[in-house]
Amino acid sequence: MEQRIVTNRRPFSWKSFLLQWEWMLVLIFIGINIMNMSLSEYYWSFDSLRDATMTFLDKAFIVLPMVLIIILGDIDISVASIVALASVIMADLYTMGVPMPLAMLICLAVGTLCGFVNGLLIVKFKELSAVIVTLSTMIIYRGIAYIILEDQAAGKFPDWFSFLGWGYVGPVPFILIVFAVFAAAFILLLHKTTFGRRVYAMGNNITASRFSGVQVDKIKLIVFTLAGFMAAVTALFLTSRMGSTRPNVATGYELDVIAMVVLGGISTAGGKGKMIGAILAVFLIGFLRYGLGLVNVPAQMLLIILGLLLIVAVMIPKIKLGKQGRI
Amino acid sequence: MMPSGTKVKEVGTTMETTIVERKKQTFSGSVARFRELGLLGFILVLCTLVQLRNPSFLTLENVNDLMTNTAILSILAVGMMLVIVTRGIDLSIGATLALSGMIAALTVSKFPELHPLLAIVIGTAVGLACGIVLGFLVSRFGILPIIATLGMMNVFRGLTFMASGGKWVSAHQMPGSFKSIATGSILGVNTLIFIAIVTYIVFYYFISHTRTGRQIYAVGSNPESAKISGINNEKILWLVYSIMGGLSGLAGVLWVSKFASAQGDTAMGYELSVIAACVLGGVSIAGGSGKISGIILGSILLGILNNALPLINVSPFWQTGIQGSIILVAVIINALVKRGVDRNNLMRRKI
């Protein structure tokens with residue numbers, strides 16, 4: 001009898017490999033770099049590029065868990081407020097005399113707790129969409145930050161704290177190393193573990209996942225808690241870079257983060273996308289901003305560009321899908 | 001004889017269940033019925049408490065101030081209700097408001113002879129254009145409303161800064177006729193309040209007595225069956241976002257006229273107050289339900305809170321937190337009430 005070998009992988013084909021959205025991102029990335037080089041002669045040097053990564057990597061930490069959330073088909077717009085709250089609490093505790101390492105730990109704990117509360121509300125009240133839950137917690141967390149610091153700034157951290165945002169290990173920025181570690185961990189988590197496969201399954205069909213024994217509530221809770229934790233990591237690096245903090249830090253980060261995730265090819269309908277795409281998108285938007293900043297494009301213009309980029313990024317897959325549907 | 005005997009028994013059990021059901025009308029079920037009454041009661045209690053703490057709360061001047069502030073909020077709440085009824089959300093209205101207010105202000109500062117009515121028309125048209133673009137993105141491309149409005153919020157905000165060159169249009173650049181939009185009165189009522197009332201009457205008629213208005217609710221409560229029954233979902237969505245844009249434009253002109261200054265960051269974050277007013281007024285975030293009477297009360301309650309908190313010496317820094325908590329509590333109560341109603345319906349079905 002003829003034996004058939006059934007593999008659970010599709011056979012490798014160069015065509016489908018090269019037609020991935022991620023290669024498109026690589027092309028755009030190269031295009032942006034060429035454009036930047038022609039715009040400014042100061043752009044293309046190792047030092048300048050290395051320091052550029054330090055300016056935008058802080059928010060990249062939130063991009064990683066946001067990929068999971070959007071693959072689940074949800075959204076979290078409270079992340080920027082979590083950054084602000086965690087950062088403000090850390091600064092406030094430090095000025096009150098709490099030792100810095102402990103304050104940093106508390107910062108991480110506060111972020112994790114905020115994310116946990118988001119997850120808990122979303123899991124307990126299934127009638128409420130993640131949009132409205134995180135919208136209200138977004139206001140609440142930011143509100144608490146304002147209650148703590150009012151409109152003042154807090155800072156004067158110890159000298160070693162600035163190493164997080166400004167330090168180098170050899171020629172490589174410290175923040176880049178930390179990001180690489182986290183990115184590797186998240187790639188493994190999403191693509192190589194059962195947890196990751198379950199996240200995809202839930203994004204495609206949550207009811208079917210529940211009936212096939214996936215603990216959907218638990219996974220959702222973990223993912224939102226992770227987002228809170230990573231927001232706190234962002235808070236550490238951002239605060240270190242700025243040297244002080246205010247309740248209005250990180251305003252608008254949620255837009256940046258969601259734009260990066262969506263540009264990275266993660267479908268807002270859920271269940272589709274790769275971690276590497278979002279990471280590419282982080283660098284793409286980061287270098288675009290840096291290059292345009294070098295030639296003095298006003299911040300408001302960048303706002304418009306970023307908004308349009310988000311819209312275009314979500315529109316492209318729809319157009320492709322529409323054509324397929326017509327055929 | 002057996003059949004009739006069983007029949008009697010059956011009737012007996014049904015009666016029993018009906019009686020049990022009457023008794024078991026859950027608390028949340030009755031809350032749903034008297035939601036507006038409860039909200040009204042809460043408003044009255046709140047007013048009494050604030051009045052006891054600070055007697056200057058219920059003076060004619062303060063109430064007038066409160067009502068004119070609430071007028072703009074409530075105009076926006078009408079549009080937001082329609083958007084939320086179709087299961088959407090619009091985060092861009094603060095930016096739309098700023099953009100149309102800015103363009104109207106720039107126009108009147110260039111042409112001081114312009115009739116104020118024309119300024120209102122210009123502002124509304126700008127807002128309408130923003131809404132049409134948004135509606136196009138949401139309805140034709142099926143982009144999630146939150147993503148589309150988040151993106152366009154930044155575009156509109158950026159355009160506002162670009163239009164003004166980062167500068168303010170301040171009171172002395174605006175002609176008196178323009179500023180008098182907010183201070184004048186029609187039939188003895190302040191213009192802002194008058195416009196709000198007219199908006200409410202028009203939209204009350206629109207959503208409860210016209211075919212298109214009812215279709216909005218149909219699309220919200222079940223898009224698939226709405227489509228099957230021949231409703232053009234895309235057109236309805238487009239219409240809803242355009243209305244929202246138009247109303248934001250109108251509100252933008254009124255805002256600029258009231259505060260006599262147009263800035264790049266006008267009404268930053270105001271969309272959250274508007275959403276709060278809708279949610280407080282019982283508009284279900286899951287779509288398909290929401291009443292005009294509810295959002296009037298929701299807006300008034302929010303207006304009272306904004307007005308009263310400074311009067312009873314609550315630090316302005318607490319306001320954001322309080323507002324957020326109110327939204328969260330309101331949506332959770334809505335969810336619990338809905339659970340109760342669903343449970344009631346299930347019990348009614350059990351025969």
# chains A, B, ... in the order shown; residues from 1 in each chain; ligands from 1
$ interface_residues --of "chain B" --to "chain A" --cutoff "8 Å" --atoms "only C-alpha atoms" --output "short mmCIF file (atom, residue, chain, number, x, y, z; two decimals) with N, CA and C atoms, in the first residue's frame"
data_model
loop_
_atom_site.label_atom_id
_atom_site.label_comp_id
_atom_site.auth_asym_id
_atom_site.auth_seq_id
_atom_site.Cartn_x
_atom_site.Cartn_y
_atom_site.Cartn_z
N PHE B 141 -14.56 51.04 2.89
CA PHE B 141 -13.40 50.18 3.07
C PHE B 141 -13.54 49.27 4.28
N GLY B 142 -14.61 49.48 5.04
CA GLY B 142 -14.82 48.62 6.19
C GLY B 142 -13.71 48.73 7.23
N ILE B 143 -13.06 49.90 7.31
CA ILE B 143 -12.05 50.09 8.34
C ILE B 143 -12.75 50.21 9.70
N LEU B 144 -12.17 49.59 10.71
CA LEU B 144 -12.76 49.71 12.05
C LEU B 144 -12.92 51.18 12.40
N ILE B 146 -12.80 52.76 15.12
CA ILE B 146 -11.83 53.32 16.07
C ILE B 146 -10.50 53.62 15.39
N ILE B 147 -10.09 52.76 14.44
CA ILE B 147 -8.82 52.99 13.75
C ILE B 147 -8.96 54.18 12.81
N ALA B 148 -10.04 54.19 12.04
CA ALA B 148 -10.24 55.27 11.07
C ALA B 148 -10.31 56.62 11.78
N LEU B 150 -9.24 57.38 14.82
CA LEU B 150 -7.97 57.68 15.48
C LEU B 150 -6.98 58.29 14.48
N GLY B 151 -6.94 57.70 13.28
CA GLY B 151 -6.03 58.22 12.26
C GLY B 151 -6.44 59.61 11.80
N MET B 152 -7.74 59.77 11.50
CA MET B 152 -8.20 61.05 10.98
C MET B 152 -8.17 62.13 12.05
N MET B 153 -8.30 61.72 13.31
CA MET B 153 -8.18 62.69 14.40
C MET B 153 -6.86 63.44 14.28
N ASN B 154 -5.78 62.68 14.02
CA ASN B 154 -4.48 63.31 13.90
C ASN B 154 -4.37 64.14 12.64
N VAL B 155 -4.98 63.66 11.57
CA VAL B 155 -4.93 64.42 10.32
C VAL B 155 -5.65 65.76 10.51
N PHE B 156 -6.85 65.73 11.09
CA PHE B 156 -7.61 66.96 11.27
C PHE B 156 -6.89 67.91 12.23
N ARG B 157 -6.33 67.33 13.30
CA ARG B 157 -5.63 68.16 14.27
C ARG B 157 -4.42 68.82 13.60
N GLY B 158 -3.71 68.02 12.80
CA GLY B 158 -2.56 68.57 12.08
C GLY B 158 -2.99 69.67 11.13
N LEU B 159 -4.10 69.45 10.42
CA LEU B 159 -4.60 70.46 9.47
C LEU B 159 -4.97 71.75 10.20
N PHE B 161 -3.56 72.97 12.89
CA PHE B 161 -2.31 73.70 13.14
C PHE B 161 -1.78 74.32 11.86
N MET B 162 -1.87 73.56 10.76
CA MET B 162 -1.35 74.07 9.49
C MET B 162 -2.16 75.28 9.03
N ILE B 285 -23.35 50.55 24.02
CA ILE B 285 -22.14 50.55 23.22
C ILE B 285 -22.16 49.38 22.23
N ALA B 286 -23.02 48.38 22.50
CA ALA B 286 -23.13 47.24 21.58
C ALA B 286 -23.98 47.59 20.38
N PHE B 317 -7.81 68.85 38.94
CA PHE B 317 -7.05 67.68 38.52
C PHE B 317 -7.80 66.39 38.80
N TRP B 318 -8.82 66.47 39.65
CA TRP B 318 -9.63 65.28 39.92
C TRP B 318 -10.64 65.04 38.83
N GLN B 319 -10.92 66.07 38.02
CA GLN B 319 -12.06 65.95 37.10
C GLN B 319 -11.88 64.84 36.08
N THR B 320 -10.65 64.71 35.53
CA THR B 320 -10.42 63.67 34.53
C THR B 320 -10.73 62.30 35.12
N GLY B 321 -10.16 62.06 36.30
CA GLY B 321 -10.35 60.76 36.93
C GLY B 321 -11.82 60.48 37.21
N ILE B 322 -12.51 61.51 37.72
CA ILE B 322 -13.92 61.33 38.05
C ILE B 322 -14.72 61.02 36.78
N GLN B 323 -14.40 61.78 35.71
CA GLN B 323 -15.13 61.56 34.45
C GLN B 323 -14.93 60.13 33.94
N GLY B 324 -13.66 59.67 33.98
CA GLY B 324 -13.38 58.31 33.53
C GLY B 324 -14.13 57.28 34.35
N SER B 325 -14.11 57.48 35.67
CA SER B 325 -14.80 56.52 36.53
C SER B 325 -16.29 56.49 36.21
N ILE B 327 -17.73 57.11 33.34
CA ILE B 327 -17.97 56.34 32.11
C ILE B 327 -17.93 54.85 32.42
N LEU B 328 -16.90 54.43 33.15
CA LEU B 328 -16.74 53.00 33.42
C LEU B 328 -17.94 52.47 34.19
N VAL B 331 -21.02 52.29 31.91
CA VAL B 331 -21.07 51.17 30.95
C VAL B 331 -21.28 49.85 31.68
N ILE B 332 -20.70 49.73 32.89
CA ILE B 332 -20.90 48.48 33.62
C ILE B 332 -22.36 48.34 34.03
N ALA B 335 -24.32 47.29 31.15
CA ALA B 335 -24.13 45.88 30.86
C ALA B 335 -24.96 45.02 31.80
#
$ select_by_dssp --residues "segment 21-125 of chain B" --states "alpha helix (DSSP H)" --output "MDAnalysis selection string"
chainID B and resid 21:23 27:33 35:53 60:85 93:110 116:125
$ atom_distance --atom1 "atom CA of Ile34 of chain A" --atom2 "atom CA of Phe237 of chain A"
29.6 Å
$ atom_distance --atom1 "atom CA of Ala251 of chain B" --atom2 "atom CA of Gln263 of chain B"
14.7 Å
$ atom_distance --atom1 "atom CA of Met67 of chain B" --atom2 "atom CA of Phe194 of chain B"
10.6 Å
$ residues_around --residues "segment 170-172 of chain B" --least-positions-apart "2" --cutoff "9 Å" --atoms "only C-alpha atoms" --output "ChimeraX atom specification"
/B:105,168,174-176,179,257,259-263
$ write_last_selection --atoms "C-alpha atoms" --output "PDB file, in the first residue's frame"
ATOM      1  CA  ALA B 105     -12.640  82.048  12.778  1.00  0.00           C
ATOM      2  CA  TRP B 168      -4.363  81.650  17.784  1.00  0.00           C
ATOM      3  CA  MET B 174     -13.175  88.493  15.552  1.00  0.00           C
ATOM      4  CA  PRO B 175     -15.942  90.931  14.664  1.00  0.00           C
ATOM      5  CA  GLY B 176     -18.621  91.587  17.254  1.00  0.00           C
ATOM      6  CA  LYS B 179     -19.014  86.750  18.945  1.00  0.00           C
ATOM      7  CA  SER B 257     -17.850  82.121  19.206  1.00  0.00           C
ATOM      8  CA  PHE B 259     -14.907  81.266  24.041  1.00  0.00           C
ATOM      9  CA  ALA B 260     -13.891  83.979  21.539  1.00  0.00           C
ATOM     10  CA  SER B 261     -10.660  82.235  20.628  1.00  0.00           C
ATOM     11  CA  ALA B 262      -9.665  79.544  18.163  1.00  0.00           C
ATOM     12  CA  GLN B 263      -6.555  77.513  18.924  1.00  0.00           C
TER      13      GLN B 263
END
$ residues_around --residues "Ile201 of chain B" --least-positions-apart "4" --cutoff "12 Å" --atoms "only C-alpha atoms" --output "PyMOL selection string"
chain B and resi 75+78+194-197+205-209+292-293+296
$ closest_residue --among "A:Thr194, A:Thr55, A:Ser267, A:Thr225" --to "Leu108 of chain A" --atoms "only C-alpha atoms"
A:Thr225
$ closest_residue --among "A:Ala84, A:Leu72, A:Leu64, A:Met37" --to "Ile206 of chain A" --atoms "only C-alpha atoms"
A:Leu72
$ residues_around --residues "Thr112 of chain A" --least-positions-apart "2" --cutoff "7 Å" --atoms "only C-alpha atoms" --output "ChimeraX atom specification"
/A:108-110,114-116,225-226,228-229
$ select_by_dssp --residues "segment 66-308 of chain A" --states "strand (DSSP E)" --output "PyMOL selection string"
chain A and resi 154-155+168-169+172-173+244-245
$ write_last_selection --atoms "N, CA and C atoms" --output "mmCIF file, in the first residue's frame"
data_model
loop_
_atom_site.group_PDB
_atom_site.id
_atom_site.type_symbol
_atom_site.label_atom_id
_atom_site.label_comp_id
_atom_site.auth_asym_id
_atom_site.auth_seq_id
_atom_site.Cartn_x
_atom_site.Cartn_y
_atom_site.Cartn_z
ATOM 1 N N ALA A 154 8.092 65.903 37.997
ATOM 2 C CA ALA A 154 8.895 65.300 39.058
ATOM 3 C C ALA A 154 10.100 64.665 38.414
ATOM 4 N N GLY A 155 11.227 64.681 39.110
ATOM 5 C CA GLY A 155 12.413 64.122 38.482
ATOM 6 C C GLY A 155 13.573 64.094 39.436
ATOM 7 N N TYR A 168 25.278 53.058 26.652
ATOM 8 C CA TYR A 168 25.715 52.138 25.609
ATOM 9 C C TYR A 168 26.384 50.939 26.260
ATOM 10 N N VAL A 169 26.220 49.769 25.638
ATOM 11 C CA VAL A 169 27.030 48.616 26.003
ATOM 12 C C VAL A 169 27.956 48.403 24.820
ATOM 13 N N VAL A 172 26.729 49.528 21.195
ATOM 14 C CA VAL A 172 25.287 49.339 20.995
ATOM 15 C C VAL A 172 24.511 50.014 22.122
ATOM 16 N N PRO A 173 23.458 50.766 21.789
ATOM 17 C CA PRO A 173 22.650 51.372 22.838
ATOM 18 C C PRO A 173 22.007 50.295 23.709
ATOM 19 N N SER A 244 12.826 63.539 33.669
ATOM 20 C CA SER A 244 11.768 63.920 34.602
ATOM 21 C C SER A 244 10.455 63.510 33.968
ATOM 22 N N THR A 245 9.384 63.629 34.720
ATOM 23 C CA THR A 245 8.111 63.176 34.163
ATOM 24 C C THR A 245 6.982 64.115 34.534
#
